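Here is the file my_file21.cif (mmCIF, C-alpha atoms).
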```cif
data_start
loop_
_atom_site.label_atom_id
_atom_site.label_comp_id
_atom_site.auth_asym_id
_atom_site.auth_seq_id
_atom_site.Cartn_x
_atom_site.Cartn_y
_atom_site.Cartn_z
CA MET A 29 -0.34 194.34 -165.87
CA ALA A 30 -1.35 194.38 -162.22
CA LEU A 31 -1.71 191.07 -160.46
CA GLN A 32 -5.14 190.22 -159.07
CA ASP A 33 -5.57 190.08 -155.32
CA PRO A 34 -5.70 186.36 -154.30
CA ALA A 35 -8.35 187.19 -151.71
CA GLN A 36 -10.62 188.72 -154.36
CA VAL A 37 -10.06 185.77 -156.69
CA ASP A 38 -10.95 183.37 -153.89
CA LEU A 39 -14.07 185.37 -153.03
CA ALA A 40 -15.18 185.43 -156.67
CA SER A 41 -14.70 181.67 -157.05
CA ARG A 42 -16.68 181.04 -153.86
CA ILE A 43 -19.52 183.23 -155.12
CA LEU A 44 -19.60 181.43 -158.47
CA ALA A 45 -19.69 178.08 -156.62
CA ILE A 46 -22.97 178.98 -154.87
CA PRO A 47 -25.63 176.71 -156.42
CA ALA A 48 -28.66 178.32 -158.05
CA LYS A 49 -31.83 178.34 -156.03
CA ARG A 50 -34.08 175.45 -156.92
CA SER A 51 -37.58 176.31 -158.02
CA GLU A 52 -40.64 174.23 -158.78
CA HIS A 53 -41.02 173.16 -162.40
CA LYS A 54 -44.74 173.46 -163.03
CA LEU A 55 -46.40 171.61 -165.86
CA VAL A 56 -48.04 173.73 -168.55
CA GLY A 57 -51.74 174.35 -168.16
CA TYR A 58 -54.17 173.69 -171.00
CA LEU A 59 -57.87 173.33 -171.69
CA THR A 60 -59.82 170.17 -172.47
CA ARG A 61 -61.74 169.89 -175.71
CA SER A 62 -65.05 170.43 -173.94
CA GLU A 63 -63.69 173.57 -172.29
CA ILE A 64 -62.40 175.09 -175.52
CA GLU A 65 -65.67 174.25 -177.25
CA ALA A 66 -67.59 176.03 -174.49
CA ILE A 67 -65.40 179.13 -174.90
CA LEU A 68 -65.88 179.16 -178.68
CA ALA A 69 -69.64 178.89 -178.22
CA ALA A 70 -69.76 181.87 -175.83
CA PRO A 71 -69.66 184.92 -178.24
CA ASP A 72 -73.00 186.31 -179.43
CA LEU A 73 -72.92 185.83 -183.20
CA SER A 74 -75.87 188.18 -183.71
CA LYS A 75 -73.58 191.14 -182.90
CA TRP A 76 -70.56 192.54 -184.79
CA GLN A 77 -68.31 192.21 -181.75
CA GLY A 78 -69.48 188.65 -181.17
CA ARG A 79 -68.65 187.57 -184.73
CA ARG A 80 -65.24 189.20 -184.41
CA ASP A 81 -64.60 187.55 -181.05
CA TYR A 82 -65.59 184.13 -182.38
CA ALA A 83 -63.34 184.47 -185.45
CA LEU A 84 -60.48 185.69 -183.24
CA LEU A 85 -60.74 182.91 -180.64
CA LEU A 86 -61.14 180.22 -183.29
CA THR A 87 -58.07 181.50 -185.15
CA LEU A 88 -56.11 181.70 -181.91
CA TYR A 89 -56.94 178.08 -181.09
CA ASN A 90 -56.40 176.81 -184.66
CA SER A 91 -53.05 178.52 -185.16
CA GLY A 92 -51.55 178.50 -181.67
CA ALA A 93 -50.36 182.02 -182.47
CA ARG A 94 -48.82 184.37 -179.96
CA VAL A 95 -50.92 187.38 -179.00
CA SER A 96 -48.41 189.72 -180.65
CA GLU A 97 -48.72 187.74 -183.89
CA LEU A 98 -52.50 187.98 -183.85
CA ILE A 99 -52.55 191.70 -183.07
CA SER A 100 -50.55 192.52 -186.19
CA LEU A 101 -52.29 189.95 -188.42
CA LYS A 102 -53.56 191.41 -191.71
CA GLN A 103 -56.20 189.94 -193.96
CA SER A 104 -53.60 189.60 -196.72
CA GLN A 105 -51.70 187.12 -194.53
CA VAL A 106 -54.59 184.64 -194.76
CA GLN A 107 -54.78 182.57 -197.95
CA PHE A 108 -57.86 180.68 -199.12
CA GLY A 109 -57.90 178.09 -201.89
CA ALA A 110 -57.16 174.40 -202.35
CA SER A 111 -55.37 174.68 -199.02
CA HIS A 112 -56.10 177.33 -196.40
CA PHE A 113 -53.30 178.80 -194.32
CA LEU A 114 -52.10 181.96 -192.65
CA THR A 115 -48.62 183.45 -192.53
CA LEU A 116 -47.32 184.54 -189.15
CA TYR A 117 -44.29 186.63 -188.26
CA GLY A 118 -42.89 185.53 -184.92
CA LYS A 119 -39.91 186.51 -182.82
CA GLY A 120 -37.16 188.13 -184.88
CA ARG A 121 -39.64 188.50 -187.77
CA LYS A 122 -39.26 184.81 -188.51
CA GLN A 123 -41.95 183.72 -190.92
CA ARG A 124 -43.98 180.53 -190.71
CA THR A 125 -47.19 179.24 -192.26
CA VAL A 126 -49.93 177.48 -190.32
CA PRO A 127 -52.72 175.46 -191.98
CA LEU A 128 -56.33 176.31 -191.26
CA TRP A 129 -59.23 173.99 -190.73
CA SER A 130 -62.02 174.29 -193.28
CA LYS A 131 -64.28 175.59 -190.51
CA THR A 132 -61.81 178.32 -189.58
CA ALA A 133 -61.42 179.29 -193.24
CA ARG A 134 -65.19 179.64 -193.70
CA VAL A 135 -65.51 181.77 -190.57
CA LEU A 136 -62.64 184.05 -191.61
CA GLN A 137 -63.95 184.43 -195.16
CA SER A 138 -67.33 185.52 -193.82
CA TRP A 139 -65.70 187.86 -191.30
CA PHE A 140 -63.38 189.47 -193.88
CA ARG A 141 -66.36 190.24 -196.11
CA GLU A 142 -67.74 192.36 -193.28
CA LEU A 143 -64.42 194.17 -192.90
CA GLN A 144 -64.08 194.87 -196.62
CA ALA A 145 -67.24 196.95 -196.45
CA MET A 146 -65.48 199.03 -193.79
CA SER A 147 -62.18 199.29 -195.75
CA ILE A 148 -60.19 197.71 -192.93
CA SER A 149 -57.02 195.75 -193.73
CA ILE A 150 -56.22 194.21 -190.34
CA ALA A 151 -57.87 190.93 -189.41
CA PHE A 152 -59.22 191.75 -185.95
CA PRO A 153 -59.87 195.47 -185.33
CA ASP A 154 -61.54 197.21 -182.42
CA ALA A 155 -64.78 199.20 -182.79
CA ARG A 156 -62.84 202.18 -184.23
CA GLY A 157 -61.01 200.08 -186.82
CA ALA A 158 -57.67 200.15 -184.99
CA PRO A 159 -55.70 196.99 -184.05
CA LEU A 160 -56.69 195.36 -180.78
CA SER A 161 -54.28 195.68 -177.88
CA ARG A 162 -52.94 192.79 -175.81
CA ASP A 163 -55.31 193.77 -173.01
CA GLY A 164 -58.16 193.94 -175.51
CA ILE A 165 -57.64 190.35 -176.64
CA ASN A 166 -57.35 189.21 -173.03
CA TYR A 167 -60.62 191.02 -172.21
CA ILE A 168 -62.38 189.23 -175.10
CA LEU A 169 -61.12 185.88 -173.83
CA GLN A 170 -62.05 186.55 -170.20
CA LEU A 171 -65.56 187.57 -171.23
CA ALA A 172 -65.96 184.34 -173.20
CA VAL A 173 -64.60 182.28 -170.30
CA LYS A 174 -66.99 183.95 -167.86
CA ASN A 175 -70.00 183.19 -170.08
CA ALA A 176 -68.83 179.63 -170.80
CA ALA A 177 -68.23 178.86 -167.10
CA THR A 178 -71.96 179.03 -166.40
CA HIS A 179 -72.39 175.62 -168.06
CA CYS A 180 -68.77 174.38 -168.08
CA HIS A 181 -67.92 174.66 -164.39
CA SER A 182 -64.33 173.45 -164.68
CA LEU A 183 -63.43 176.75 -166.36
CA SER A 184 -64.13 178.61 -163.14
CA LEU A 185 -61.25 176.69 -161.52
CA LYS A 186 -58.68 177.69 -164.15
CA ARG A 187 -56.82 180.92 -164.88
CA VAL A 188 -57.29 181.08 -168.63
CA SER A 189 -54.99 183.34 -170.63
CA PRO A 190 -54.35 183.80 -174.36
CA HIS A 191 -51.08 181.93 -173.92
CA MET A 192 -52.98 179.00 -172.40
CA LEU A 193 -54.85 178.71 -175.71
CA ARG A 194 -51.45 178.35 -177.38
CA HIS A 195 -50.60 175.54 -174.95
CA THR A 196 -54.01 174.00 -175.64
CA THR A 197 -53.34 173.94 -179.38
CA ALA A 198 -50.03 172.15 -178.83
CA MET A 199 -51.52 169.61 -176.41
CA HIS A 200 -54.44 168.76 -178.69
CA LEU A 201 -52.08 168.33 -181.66
CA LEU A 202 -49.91 166.02 -179.54
CA GLN A 203 -52.90 163.99 -178.36
CA SER A 204 -54.05 163.66 -181.98
CA GLY A 205 -50.79 161.95 -182.88
CA VAL A 206 -48.97 164.87 -184.53
CA ASP A 207 -45.19 164.51 -184.35
CA ILE A 208 -43.42 166.73 -181.84
CA THR A 209 -41.19 168.25 -184.54
CA VAL A 210 -44.25 169.32 -186.52
CA ILE A 211 -45.70 170.94 -183.40
CA ALA A 212 -42.44 172.85 -182.90
CA LEU A 213 -42.72 174.22 -186.44
CA TRP A 214 -46.42 174.94 -185.91
CA LEU A 215 -45.72 177.08 -182.84
CA GLY A 216 -42.53 178.64 -184.18
CA HIS A 217 -40.24 177.22 -181.50
CA GLU A 218 -36.56 177.72 -182.23
CA SER A 219 -35.63 174.58 -180.29
CA ILE A 220 -37.55 171.32 -180.06
CA GLU A 221 -36.54 171.16 -176.39
CA THR A 222 -39.10 173.90 -175.73
CA THR A 223 -41.82 171.72 -177.24
CA HIS A 224 -40.92 168.72 -175.05
CA MET A 225 -42.71 170.35 -172.10
CA TYR A 226 -45.99 169.29 -173.70
CA ILE A 227 -44.95 165.64 -173.62
CA GLU A 228 -44.18 166.01 -169.91
CA ALA A 229 -47.63 167.47 -169.26
CA ASP A 230 -49.62 165.08 -171.45
CA LEU A 231 -51.23 162.60 -169.09
CA ALA A 232 -53.07 160.83 -171.92
CA THR A 233 -49.80 159.86 -173.61
CA LYS A 234 -48.45 158.54 -170.31
CA GLU A 235 -51.62 156.49 -169.78
CA LYS A 236 -51.23 154.91 -173.22
CA ALA A 237 -47.64 154.01 -172.39
CA LEU A 238 -48.81 152.51 -169.09
CA GLU A 239 -51.37 150.35 -170.91
CA LYS A 240 -48.60 148.87 -173.06
CA THR A 241 -46.61 147.88 -169.97
CA ALA A 242 -49.59 146.54 -167.99
CA PRO A 243 -49.30 142.88 -166.81
CA THR A 244 -51.05 140.30 -168.97
CA LYS A 245 -54.26 138.76 -167.71
CA GLY A 246 -54.22 135.17 -166.55
CA ARG A 247 -51.41 132.94 -165.35
CA ASN A 248 -48.17 132.68 -167.28
CA THR A 249 -47.28 129.06 -168.15
CA ARG A 250 -44.01 127.57 -169.37
CA PHE A 251 -43.91 126.47 -173.00
CA LYS A 252 -43.99 122.69 -173.47
CA ALA A 253 -42.97 121.32 -176.85
CA ALA A 254 -44.85 118.30 -178.22
CA ASP A 255 -41.96 117.10 -180.43
CA PRO A 256 -39.15 115.15 -178.60
CA LEU A 257 -36.40 116.98 -180.50
CA LEU A 258 -37.88 120.37 -179.62
CA ARG A 259 -38.10 119.30 -175.97
CA PHE A 260 -34.41 118.35 -176.05
CA LEU A 261 -33.43 121.69 -177.64
CA ALA A 262 -35.45 123.58 -175.04
CA THR A 263 -33.67 121.64 -172.26
CA LEU A 264 -30.33 122.34 -173.94
CA GLN A 265 -31.08 126.06 -173.98
CA ILE A 266 -31.81 126.02 -170.25
CA MET A 267 -28.56 124.18 -169.54
CA LEU A 268 -26.60 126.72 -171.60
CA SER A 269 -28.13 129.61 -169.70
CA ASN A 270 -27.20 127.95 -166.38
CA ASN A 271 -23.59 127.33 -167.52
CA HIS A 272 -24.08 123.56 -167.12
CA PHE A 273 -23.26 122.77 -170.72
CA SER A 274 -19.80 121.34 -170.19
CA THR A 275 -20.91 118.96 -167.43
CA THR A 276 -24.24 117.76 -168.75
CA PHE A 277 -24.05 117.89 -172.50
CA HIS A 278 -21.90 114.80 -173.10
CA ASN A 279 -23.96 112.71 -170.65
CA ARG A 280 -27.43 113.62 -172.01
CA SER A 281 -27.04 114.44 -175.66
CA PRO A 282 -27.74 111.80 -178.29
CA THR A 283 -24.69 110.30 -179.98
CA VAL A 284 -25.77 111.75 -183.32
CA LEU A 285 -25.20 115.24 -181.88
CA GLY A 286 -21.89 114.31 -180.25
CA ILE A 287 -20.02 116.29 -182.93
CA ILE A 288 -20.80 119.46 -180.99
CA ARG A 289 -18.02 120.31 -178.54
CA HIS A 290 -17.60 123.01 -175.97
CA SER A 291 -14.32 124.05 -174.39
CA ALA A 292 -14.46 125.66 -170.99
#
```

Go through the file and emit its structure as structure tokens.
Amino acid sequence: MALQDPAQVDLASRILAIPAKRSEHKLVGYLTRSEIEAILAAPDLSKWQGRRDYALLLTLYNSGARVSELISLKQSQVQFGASHFLTLYGKGRKQRTVPLWSKTARVLQSWFRELQAMSISIAFPDARGAPLSRDGINYILQLAVKNAATHCHSLSLKRVSPHMLRHTTAMHLLQSGVDITVIALWLGHESIETTHMYIEADLATKEKALEKTAPTKGRNTRFKAADPLLRFLATLQIMLSNNHFSTTFHNRSPTVLGIIRHSA
């Protein structure tokens, strides 16, 4: 076995010691409730495409699904009954179920009835009955954002993407008090560390924490006991905390308590 050149080993170790370039860690972007409501109200429900777009956007927001998961979604993956839910197949074909709001279930039931008349099995087809592409879903969202921005002006300042709707779902669940581990299961995250980015970006949670640590109103006053024995015990506690016990206790304590001793 040939010996390695010491110069090459030294060069390799120096290269490995070069620190990685630091980059900015941006907080995740998400939509407010008023913004998402404006987007959901944008599609024209009098048209076939509008009803499809509304059902698609509502499902995307409800489920927090990835675009790839929604593209391949079939009607058979949506279950209606005592509880409504859909089954998603994420990365590595990992399966998870996501509950549906009653409103989402009603919209999907009505939409699927239209598709059954066309003998279409997928949940959100294009005009020819084929699955929508990633660009097609993004186009639907951008059209809704453009229409919604006319009366919700904050949308014009944001770059809204289908993945931002996924972030929005997570943030709204977090702000509603849903546990972070449940959100991780909801989104299909393999590690809960991925889900922690929503806690970092949630200003509302930080504001609540700040309220709990806010200073109390009014002036703080020292407690004064009305009972003589309680006053003595309070004084004794102060002396103990100041390490004056050994020098002051025997001089000030009543004889009935003289059985207490302290060795320095």

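Take atom CA of Leu85 of chain A and atom CA of Leu98 of chain A: the distance between them is 10.2 Å.
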
Near-segment 149-157 of chain A list (10 Å; only C-alpha atoms; drop same-chain fewer than 2 positions) as a PyMOL selection string
chain A and resi 76-77+80-81+83-84+98-106+136+139-140+143-144+146-147+159-161+164-165

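When the distance limit is 9 Å and only C-alpha atoms are what count, the residues near Ser189 of chain A, minus those fewer than 6 positions from it on the same chain, are A:Asn166, A:Leu169, A:Gln170.
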
Export of prior selection with C-alpha atoms as a PDB file, keeping the file's coordinate frame:
```pdb
ATOM      1  CA  ASN A 166     -57.350 189.210-173.030  1.00  0.00           C
ATOM      2  CA  LEU A 169     -61.120 185.880-173.830  1.00  0.00           C
ATOM      3  CA  GLN A 170     -62.050 186.550-170.200  1.00  0.00           C
TER       4      GLN A 170
END
```

Residues selected by the PyMOL selection byres ((chain A and resi 125) around 9), written as a ChimeraX atom specification:
/A:113-117,123-124,126-127,213-214

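Atom CA of Thr196 of chain A is positioned 14.3 Å from atom CA of Ile208 of chain A.
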
What separation in Å, quoted to one decimal, exists between atom CA of Leu88 of chain A and atom CA of Gly216 of chain A?
14.1 Å

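Near (-60.1, 172.5, -171.8), the residues that fall inside 10 Å on the basis of all atoms listed in the file are Gly57, Tyr58, Leu59, Thr60, Arg61, Ser62, Glu63, Ile64, Glu65, Ala66, Ile67, Cys180, Ser182, Leu183, Lys186, Val188, Met192, Leu193, Thr196 and His200 of chain A.
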
From A:His181, A:His112, A:Lys75, A:Arg94, residue lying nearest His195 of chain A [only C-alpha atoms]
A:Arg94

Using all atoms listed in the file, find the one residue out of A:Leu86, A:Ala35, A:Ala172, A:Met199 that sits nearest to Asp72 of chain A.
A:Ala172

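For the choices A:Ala176, A:Ala70, A:Ala93, A:Ile227, the atom-to-atom distance to Gln203 of chain A is smallest for A:Ile227 when using only C-alpha atoms.
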
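Across A:Ala158, A:Gly92, A:Ser138, A:Val173, the tightest approach to Ala212 of chain A is made by A:Gly92 when counting all atoms listed in the file.
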
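Among the candidates A:Ser91, A:Leu73, A:Arg121, A:Glu97, the residue lying nearest to Leu201 of chain A is A:Ser91 (atoms considered: only C-alpha atoms).
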